[in-house]
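Scroll down for the structure; my scribbles are underneath it.
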Amino acid sequence: MTSAGSAAHPAAAPDAQSSRRWMMLVLLLLGQFMGLVDVFIVNVAMPSIGTQLHASGASLQLVVGGYTVAYAMLLITGARLGALYGRRRMYLLGVVVFTLMSAGCAFAPNAVVLVVFRFAQGASAAVMVPQIMSVIQMQFTGKARAKALSAYGAVLSTGAVAGLVLGGVIVSADLFGAGWRPVFMVNVPIGLVLMVLVPRLLPKDVPSGRQRLDLLGLALAVPAVFLLVLPAVLGHELGWPAWTFVCMAAGIVLAFAFVRVERLIAARGGDPLLNFAVLRAAGMSVGLLTVVGVQLTYGGFLFVFTLHLQAGLGESALRAGLTYIPLSVAFGLTGFFWRKLPERLHPVLAPAGLAVSALSYGLIAAAMQDGTAGGTVMWVGTVLNGVGMGLSVSPLLTQSLVNVPMDKAVDASGLLTTVVQLGQVAGVTVFGALYLTLVNPVSAGTPAHGLGDAMATTATWIAVAAALGVVPGAALTRVVLRAVPPNRPKPVPASAPVASD
């Protein structure tokens with residue numbers, strides 16, 4: 001009896017350890033889901049926020065874009081903090097601050113306070129999210145790692161639609177008469193669960209990072225972006241006073257100074273925030289330009305279309321959220337199955353996807369012209385948009401790195417990831433300003449077709465921008481076709497910069 005019992009222990013121990021690891025994965029993915037959903041959940045709540053807080057269109061742009069700006073600017077720094085001070089510690093710190101900032105957003109008394117909390121929320125997400133992939137890489141191997149990464153990918157692909165639909169459900173439900181505020185409070189119980197369980201289930205890691213924080217680069221990059229984004233957002237509302245152009249000029253000067261400083265740090269053997277030397281790799285520059293084309297148009301479309309569905313067409317938050325389901329399903333399925341296409345077609349998928357996206361935006365522009373919800377043409381346009389995004393995003397992130405040396409992959413991926421986030425911010429800023437400028441002269445008594453014209457015009461320019469993105473996409477295709485033989489090591493995926501030292 002004793003020997004049988006002792007024999008059972010060795011088998012039980014691995015089972016317990018395996019269960020603990022999968023519970024740990026659930027906790028990590030909860031944090032990823034929380035951070036990702038908050039990018040999209042606010043889109044559907046914008047009209048409700050605008051009404052209750054008397055927020056202007058510019059303020060709503062900052063509520064949406066402020067989160068992404070802070071996230072993009074601090075993402076690489078967040079990854080390095082995890083390497084320097086421990087990933088479990090930084091993940092838990094990010095969760096705590098994110099939860100507190102979510103509660104702050106929920107109780108914000110006015111638009112200015114909400115914008116401040118949204119910036120802080122994005123900064124805390126930049127500390128939390130980079131640790132997730134790193135812990136998965138360290139704690140899972142072999143088939144277990146493949147399953148964990150599949151689960152991670154599933155969260156990424158469903159997070160957008162979950163955020164849009166969840167936002168619609170919560171705002172429409174008007175829980176406790178609180179309107180849009182529960183959109184942020186939904187993070188609080190998740191955060192509290194993570195605070196309790198993370199110290200118990202995530203193993204303590206020994207800091208192993210050798211890279212230093214680039215505080216000088218950060219001190220130049222953050223104000224440069226703010227000086228460019230804030231005047232661009234506020235300018236159309238204030239009539240473009242002189243100070244907006246002064247600020248943008250100062251932002252450009254700081255941006256050039258940032259690039260110069262980063263090159264000096266790299267030349268001296270330091271650890272720059274962004275290593276621009278990787279731009280010398282064939283395909284990297286045109287890859288980044290193609291990424292800008294994809295993210296600029298998609299980010300701008302999500303902001304403007306969601307605002308138009310509710311404020312322009314009078315749809316409920318729930319219906320606006322559900323409108324995106326065909327797009328998200330098409331995006332997810334295409335993004336998952338594109339590898340099953342013949343390999344000879346893979347190099348052309350990025351420009352082809354942008355071309356399909358341009359067509360989709362053109363169809364949506366035509367559908368919106370008469371001031372209605374668009375009918376069949378709009379639905380075809382949204383589905384095609386999902387197909388175009390699915391064809392372009394995943395191949396593009398891989399192909400941009402095809403000629404990057406393996407020892408520079410982390411730097412290249414860091415630059416790529418930052419451009420992805422800032423591209424979305426630029427889309428919200430540029431196309432949001434265009435739409436709001438076109439809508440602003442429209443009085444409250446103007447028929448709906450006036451607002452339809454504003455949406456159609458904006459969507460047309462989004463289509464033009466997507467079409468222009470085909471040009472660097474085609475150049476990237478030529479680079480990929482001339483790439484080294486297929487037996488060379490595959491480039492590190494674009495998630496790597498925020499996942500490793």
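Residues in the structure tokens are named by chain (A, B, ... in the order shown) and by number from 1 within that chain; ligands are numbered from 1 in the order shown.
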
Practice prompt. Would you mind listing what lies within 10 Å of A:Gly390 as a PyMOL selection string, with only C-alpha atoms counted and same-chain residues fewer than 6 positions away left out?
Written response: chain A and resi 327-338+349-350+353-354+357+384

Any chance you could tabulate, as a tab-separated table, the residues of stretch 236-321 of chain A at most 9 Å from stretch 42-61 of chain A with each one's nearest atom pair and distance in Å to one decimal, using only C-alpha atoms, in chain and rising number order?
```
residue	atom	partner	partner_atom	distance
A:His236	CA	A:Ala58	CA	8.3
A:Glu237	CA	A:Ala58	CA	6.9
A:Leu302	CA	A:Asn43	CA	7.5
A:Phe303	CA	A:Asn43	CA	6.3
A:Thr306	CA	A:Val44	CA	6.3
A:Leu307	CA	A:Pro47	CA	6.7
A:Gln310	CA	A:Pro47	CA	6.7
A:Ala311	CA	A:Pro47	CA	6.2
A:Ala317	CA	A:Val44	CA	5.7
A:Leu318	CA	A:Val44	CA	8.0
A:Ala320	CA	A:Val44	CA	6.8
A:Gly321	CA	A:Val44	CA	6.3
```

For C-alpha atoms, I'd like the residues from the last selection saved as a PDB file, in the first residue's frame.
```pdb
ATOM      1  CA  HIS A 236      -9.615  71.757 -36.831  1.00  0.00           C
ATOM      2  CA  GLU A 237     -11.762  72.562 -33.805  1.00  0.00           C
ATOM      3  CA  LEU A 302     -12.638  52.316 -37.316  1.00  0.00           C
ATOM      4  CA  PHE A 303     -12.798  55.711 -35.613  1.00  0.00           C
ATOM      5  CA  THR A 306     -18.084  53.972 -35.659  1.00  0.00           C
ATOM      6  CA  LEU A 307     -18.716  57.645 -34.963  1.00  0.00           C
ATOM      7  CA  GLN A 310     -24.073  56.338 -34.151  1.00  0.00           C
ATOM      8  CA  ALA A 311     -23.803  60.122 -34.356  1.00  0.00           C
ATOM      9  CA  ALA A 317     -24.141  51.278 -29.679  1.00  0.00           C
ATOM     10  CA  LEU A 318     -25.063  47.589 -29.856  1.00  0.00           C
ATOM     11  CA  ALA A 320     -22.820  49.671 -34.317  1.00  0.00           C
ATOM     12  CA  GLY A 321     -20.732  47.011 -32.575  1.00  0.00           C
TER      13      GLY A 321
END
```

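Each of A:Arg20, A:Ala160, A:Leu451, A:Val430 was checked against A:Pro231 using only C-alpha atoms; the smallest atom-to-atom distance is that of A:Val430.
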
Item to complete: Would you work out the distance separating atom CA of A:Ile132 from atom CA of A:Leu273, expressed in Å to one decimal?
Response: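 If I compute the distance from atom CA of A:Ile132 to atom CA of A:Leu273, I get 20.1 Å.
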
Practice prompt. With a distance cut-off of 9 Å and only C-alpha atoms, select the neighbouring residues of A:Leu194, excluding the residue or stretch itself and same-chain residues fewer than 3 positions from it, and output the selection as a list in words.
Written response: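 Near A:Leu194, the qualifying residues are Leu27, Leu28, Leu30, Gly31, Leu92, Val95, Val96, Pro189, Ile190, Gly191, Leu197, Val198 and Pro199 of chain A.
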
Would you put the residues from that selection into a file with N, CA and C atoms, as a short mmCIF file (atom, residue, chain, number, x, y, z; two decimals), in the first residue's frame?
```
data_model
loop_
_atom_site.label_atom_id
_atom_site.label_comp_id
_atom_site.auth_asym_id
_atom_site.auth_seq_id
_atom_site.Cartn_x
_atom_site.Cartn_y
_atom_site.Cartn_z
N LEU A 27 -4.09 33.33 -16.89
CA LEU A 27 -3.87 34.63 -16.27
C LEU A 27 -3.16 35.59 -17.22
N LEU A 28 -2.19 35.08 -17.95
CA LEU A 28 -1.47 35.91 -18.91
C LEU A 28 -2.40 36.39 -20.03
N LEU A 30 -5.62 36.67 -19.92
CA LEU A 30 -6.60 37.62 -19.39
C LEU A 30 -6.05 39.04 -19.45
N GLY A 31 -4.77 39.18 -19.09
CA GLY A 31 -4.14 40.50 -19.17
C GLY A 31 -4.05 40.98 -20.61
N LEU A 92 2.68 42.26 -12.94
CA LEU A 92 1.79 42.57 -11.82
C LEU A 92 1.66 44.08 -11.64
N VAL A 95 -0.65 45.37 -14.28
CA VAL A 95 -2.04 45.01 -13.98
C VAL A 95 -2.63 45.94 -12.92
N VAL A 96 -1.87 46.18 -11.86
CA VAL A 96 -2.36 47.04 -10.77
C VAL A 96 -2.67 48.45 -11.28
N PRO A 189 -12.92 43.96 -12.07
CA PRO A 189 -12.93 42.61 -11.50
C PRO A 189 -11.87 41.69 -12.09
N ILE A 190 -11.60 41.85 -13.40
CA ILE A 190 -10.54 41.03 -14.00
C ILE A 190 -9.20 41.38 -13.37
N GLY A 191 -8.94 42.68 -13.21
CA GLY A 191 -7.69 43.12 -12.60
C GLY A 191 -7.54 42.63 -11.18
N LEU A 197 -4.10 36.24 -7.99
CA LEU A 197 -3.58 34.96 -8.47
C LEU A 197 -2.20 35.02 -9.11
N VAL A 198 -1.84 36.16 -9.69
CA VAL A 198 -0.52 36.25 -10.35
C VAL A 198 0.63 35.93 -9.40
N PRO A 199 0.69 36.49 -8.19
CA PRO A 199 1.81 36.16 -7.29
C PRO A 199 1.84 34.69 -6.91
#
```

Worksheet entry | Per-residue DSSP, stretch 209-455 of chain A, filtered to alpha helix (DSSP H), as a ChimeraX atom specification | /A:215-238,242-267,284-307,317-323,325-337,349-368,375-399,409-439,448-455

Discussion item. Neighbouring residues of A:Thr457 were defined as those with any atom within 9 Å, considering only C-alpha atoms; residues of the same chain fewer than 4 positions away were excluded. Please report them as a list in words.
Written reply: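 Here the answer would be Ala365, Gln369, Leu434, Tyr435, Leu438, Gly452, Asp453, Trp461 and Ile462 of chain A.
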
For N, CA, C and O atoms, I'd like the residues from the last selection saved as a compact mmCIF listing (two decimals), in the first residue's frame.
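Saved to result.txt:
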```txt
# COMPACT_ATOMS: atom_id res chain seq x y z
N ALA A 365 -17.67 54.09 -49.20
CA ALA A 365 -17.90 55.50 -49.55
C ALA A 365 -19.14 55.63 -50.44
O ALA A 365 -19.99 56.51 -50.23
N GLN A 369 -23.05 57.48 -49.37
CA GLN A 369 -23.34 58.73 -50.06
C GLN A 369 -24.76 59.23 -49.84
O GLN A 369 -25.02 60.43 -49.73
N LEU A 434 -10.40 65.12 -40.61
CA LEU A 434 -11.09 65.37 -41.88
C LEU A 434 -12.60 65.22 -41.72
O LEU A 434 -13.38 66.09 -42.13
N TYR A 435 -13.04 64.12 -41.14
CA TYR A 435 -14.47 63.87 -40.97
C TYR A 435 -15.11 64.94 -40.08
O TYR A 435 -16.17 65.50 -40.42
N LEU A 438 -15.49 68.22 -41.87
CA LEU A 438 -16.59 68.20 -42.84
C LEU A 438 -17.95 68.25 -42.14
O LEU A 438 -18.91 68.83 -42.65
N GLY A 452 -23.86 62.00 -44.59
CA GLY A 452 -23.44 60.92 -45.49
C GLY A 452 -22.35 61.38 -46.44
O GLY A 452 -21.41 60.64 -46.73
N ASP A 453 -22.46 62.61 -46.93
CA ASP A 453 -21.42 63.17 -47.79
C ASP A 453 -20.08 63.25 -47.06
O ASP A 453 -19.02 62.97 -47.64
N TRP A 461 -11.04 59.28 -49.31
CA TRP A 461 -9.64 59.59 -49.05
C TRP A 461 -8.93 58.43 -48.35
O TRP A 461 -7.74 58.20 -48.58
N ILE A 462 -9.65 57.70 -47.52
CA ILE A 462 -9.06 56.50 -46.91
C ILE A 462 -8.73 55.48 -48.00
O ILE A 462 -7.68 54.84 -47.98
```

Which neighbours of A:Gln211 fall inside 10 Å, counting only C-alpha atoms, when residues of the same chain fewer than 5 positions from it are skipped, and could you give them as a short mmCIF file (atom, residue, chain, number, x, y, z; two decimals) with N, CA, C and O atoms, in the first residue's frame?
```cif
data_model
loop_
_atom_site.label_atom_id
_atom_site.label_comp_id
_atom_site.auth_asym_id
_atom_site.auth_seq_id
_atom_site.Cartn_x
_atom_site.Cartn_y
_atom_site.Cartn_z
N ARG A 80 11.91 46.14 -21.76
CA ARG A 80 13.23 46.19 -21.11
C ARG A 80 13.09 46.23 -19.59
O ARG A 80 13.94 45.70 -18.86
N LEU A 81 12.05 46.86 -19.09
CA LEU A 81 11.81 46.86 -17.64
C LEU A 81 11.59 45.44 -17.13
O LEU A 81 12.06 45.09 -16.05
N ALA A 83 12.85 42.71 -18.44
CA ALA A 83 14.14 42.02 -18.45
C ALA A 83 15.04 42.49 -17.31
O ALA A 83 15.79 41.70 -16.73
N LEU A 84 14.95 43.77 -16.96
CA LEU A 84 15.83 44.33 -15.93
C LEU A 84 15.35 44.05 -14.52
O LEU A 84 16.16 43.84 -13.60
N GLY A 270 25.61 51.47 -27.51
CA GLY A 270 24.57 51.52 -26.50
C GLY A 270 23.31 50.79 -26.94
O GLY A 270 23.31 50.04 -27.92
N ASP A 271 22.23 51.02 -26.20
CA ASP A 271 20.95 50.35 -26.46
C ASP A 271 19.89 51.39 -26.78
O ASP A 271 19.14 51.81 -25.90
N PRO A 272 19.80 51.81 -28.04
CA PRO A 272 18.82 52.83 -28.39
C PRO A 272 17.40 52.30 -28.29
O PRO A 272 17.16 51.09 -28.41
N ASP A 501 14.64 39.96 -24.75
CA ASP A 501 15.60 41.00 -24.37
C ASP A 501 16.23 41.65 -25.58
O ASP A 501 16.45 41.02 -26.57
#
```

Do you have, as CSV, the list of residues of stretch 211-310 of chain A lying at most 10 Å from stretch 415-418 of chain A, each with its nearest atom pair and that distance in Å to one decimal, counting only C-alpha atoms and ordered by chain then number?
```
residue,atom,partner,partner_atom,distance
A:Leu273,CA,A:Leu415,CA,8.8
A:Leu274,CA,A:Leu415,CA,5.9
A:Asn275,CA,A:Leu415,CA,7.4
A:Phe276,CA,A:Leu415,CA,7.9
A:Val278,CA,A:Leu415,CA,8.7
A:Leu279,CA,A:Leu415,CA,9.4
A:Met284,CA,A:Leu416,CA,8.8
A:Ser285,CA,A:Leu416,CA,9.9
A:Gly287,CA,A:Leu416,CA,8.6
A:Leu288,CA,A:Leu416,CA,6.6
A:Val291,CA,A:Leu416,CA,8.1
A:Val292,CA,A:Leu416,CA,9.8
```

Worksheet entry | Distance in Å - atom CA of A:Ile265 versus atom CA of A:Asp214 |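 About the pair atom CA of A:Ile265 and atom CA of A:Asp214: they are 8.8 Å apart.
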
Item to complete: Could you tell me which of A:Pro223, A:Gly104, A:Gly86, A:Gly239 comes closest to A:Val206 if we count only C-alpha atoms?
Response: A:Gly86

Item to complete: Compile the contact shell of A:Gln399 as a PyMOL selection string: residues with an atom at most 8 Å away, counting only C-alpha atoms, same-chain residues fewer than 5 positions apart removed.
Response: chain A and resi 283+287+347+476+480

Since we have the selection now, will you write its residues out, keeping all heavy atoms, as a compact mmCIF listing (two decimals), in the first residue's frame?
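The resulting file, out_39.txt, is shown below:
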```txt
# COMPACT_ATOMS: atom_id res chain seq x y z
N GLY A 283 14.19 45.80 -47.90
CA GLY A 283 12.79 45.51 -47.64
C GLY A 283 12.24 46.14 -46.38
O GLY A 283 11.03 46.29 -46.23
N GLY A 287 8.75 48.00 -46.27
CA GLY A 287 7.84 47.26 -45.39
C GLY A 287 7.17 48.18 -44.39
O GLY A 287 5.96 48.10 -44.15
N PRO A 347 4.30 36.23 -51.74
CA PRO A 347 4.96 37.55 -51.84
C PRO A 347 4.04 38.68 -52.28
O PRO A 347 4.34 39.84 -52.02
CB PRO A 347 6.07 37.30 -52.87
CG PRO A 347 6.34 35.83 -52.81
CD PRO A 347 5.00 35.21 -52.56
N LEU A 476 8.04 45.86 -51.84
CA LEU A 476 8.35 44.80 -50.88
C LEU A 476 8.24 43.43 -51.54
O LEU A 476 9.06 42.53 -51.28
CB LEU A 476 7.42 44.90 -49.67
CG LEU A 476 7.60 43.82 -48.59
CD1 LEU A 476 8.99 43.91 -47.97
CD2 LEU A 476 6.53 43.96 -47.52
N VAL A 480 11.07 40.48 -51.57
CA VAL A 480 10.83 39.11 -51.09
C VAL A 480 11.17 38.10 -52.19
O VAL A 480 11.76 37.05 -51.91
CB VAL A 480 9.36 38.95 -50.64
CG1 VAL A 480 9.06 37.49 -50.30
CG2 VAL A 480 9.08 39.85 -49.44
```

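Close contacts of A:Phe301, defined as residues with an atom at most 10 Å away when counting only C-alpha atoms, with chain neighbours fewer than 4 positions off set aside, comprise Gln295, Leu296, Thr297, Phe305, Thr306, Leu307, Tyr361, Gln424, Gly427, Val428, Phe431, Gly432, Met455, Thr458, Ala459, Ile462 and Ala463 of chain A.
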
Worksheet, complete the sentence: As a check of understanding: the span from atom CA of A:Gly217 to atom CA of A:Leu254 is 10.3 Å

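Across A:Leu213, A:Leu25, A:Leu238, A:Ala249, the tightest approach to A:Tyr152 is made by A:Leu25 when counting only C-alpha atoms.
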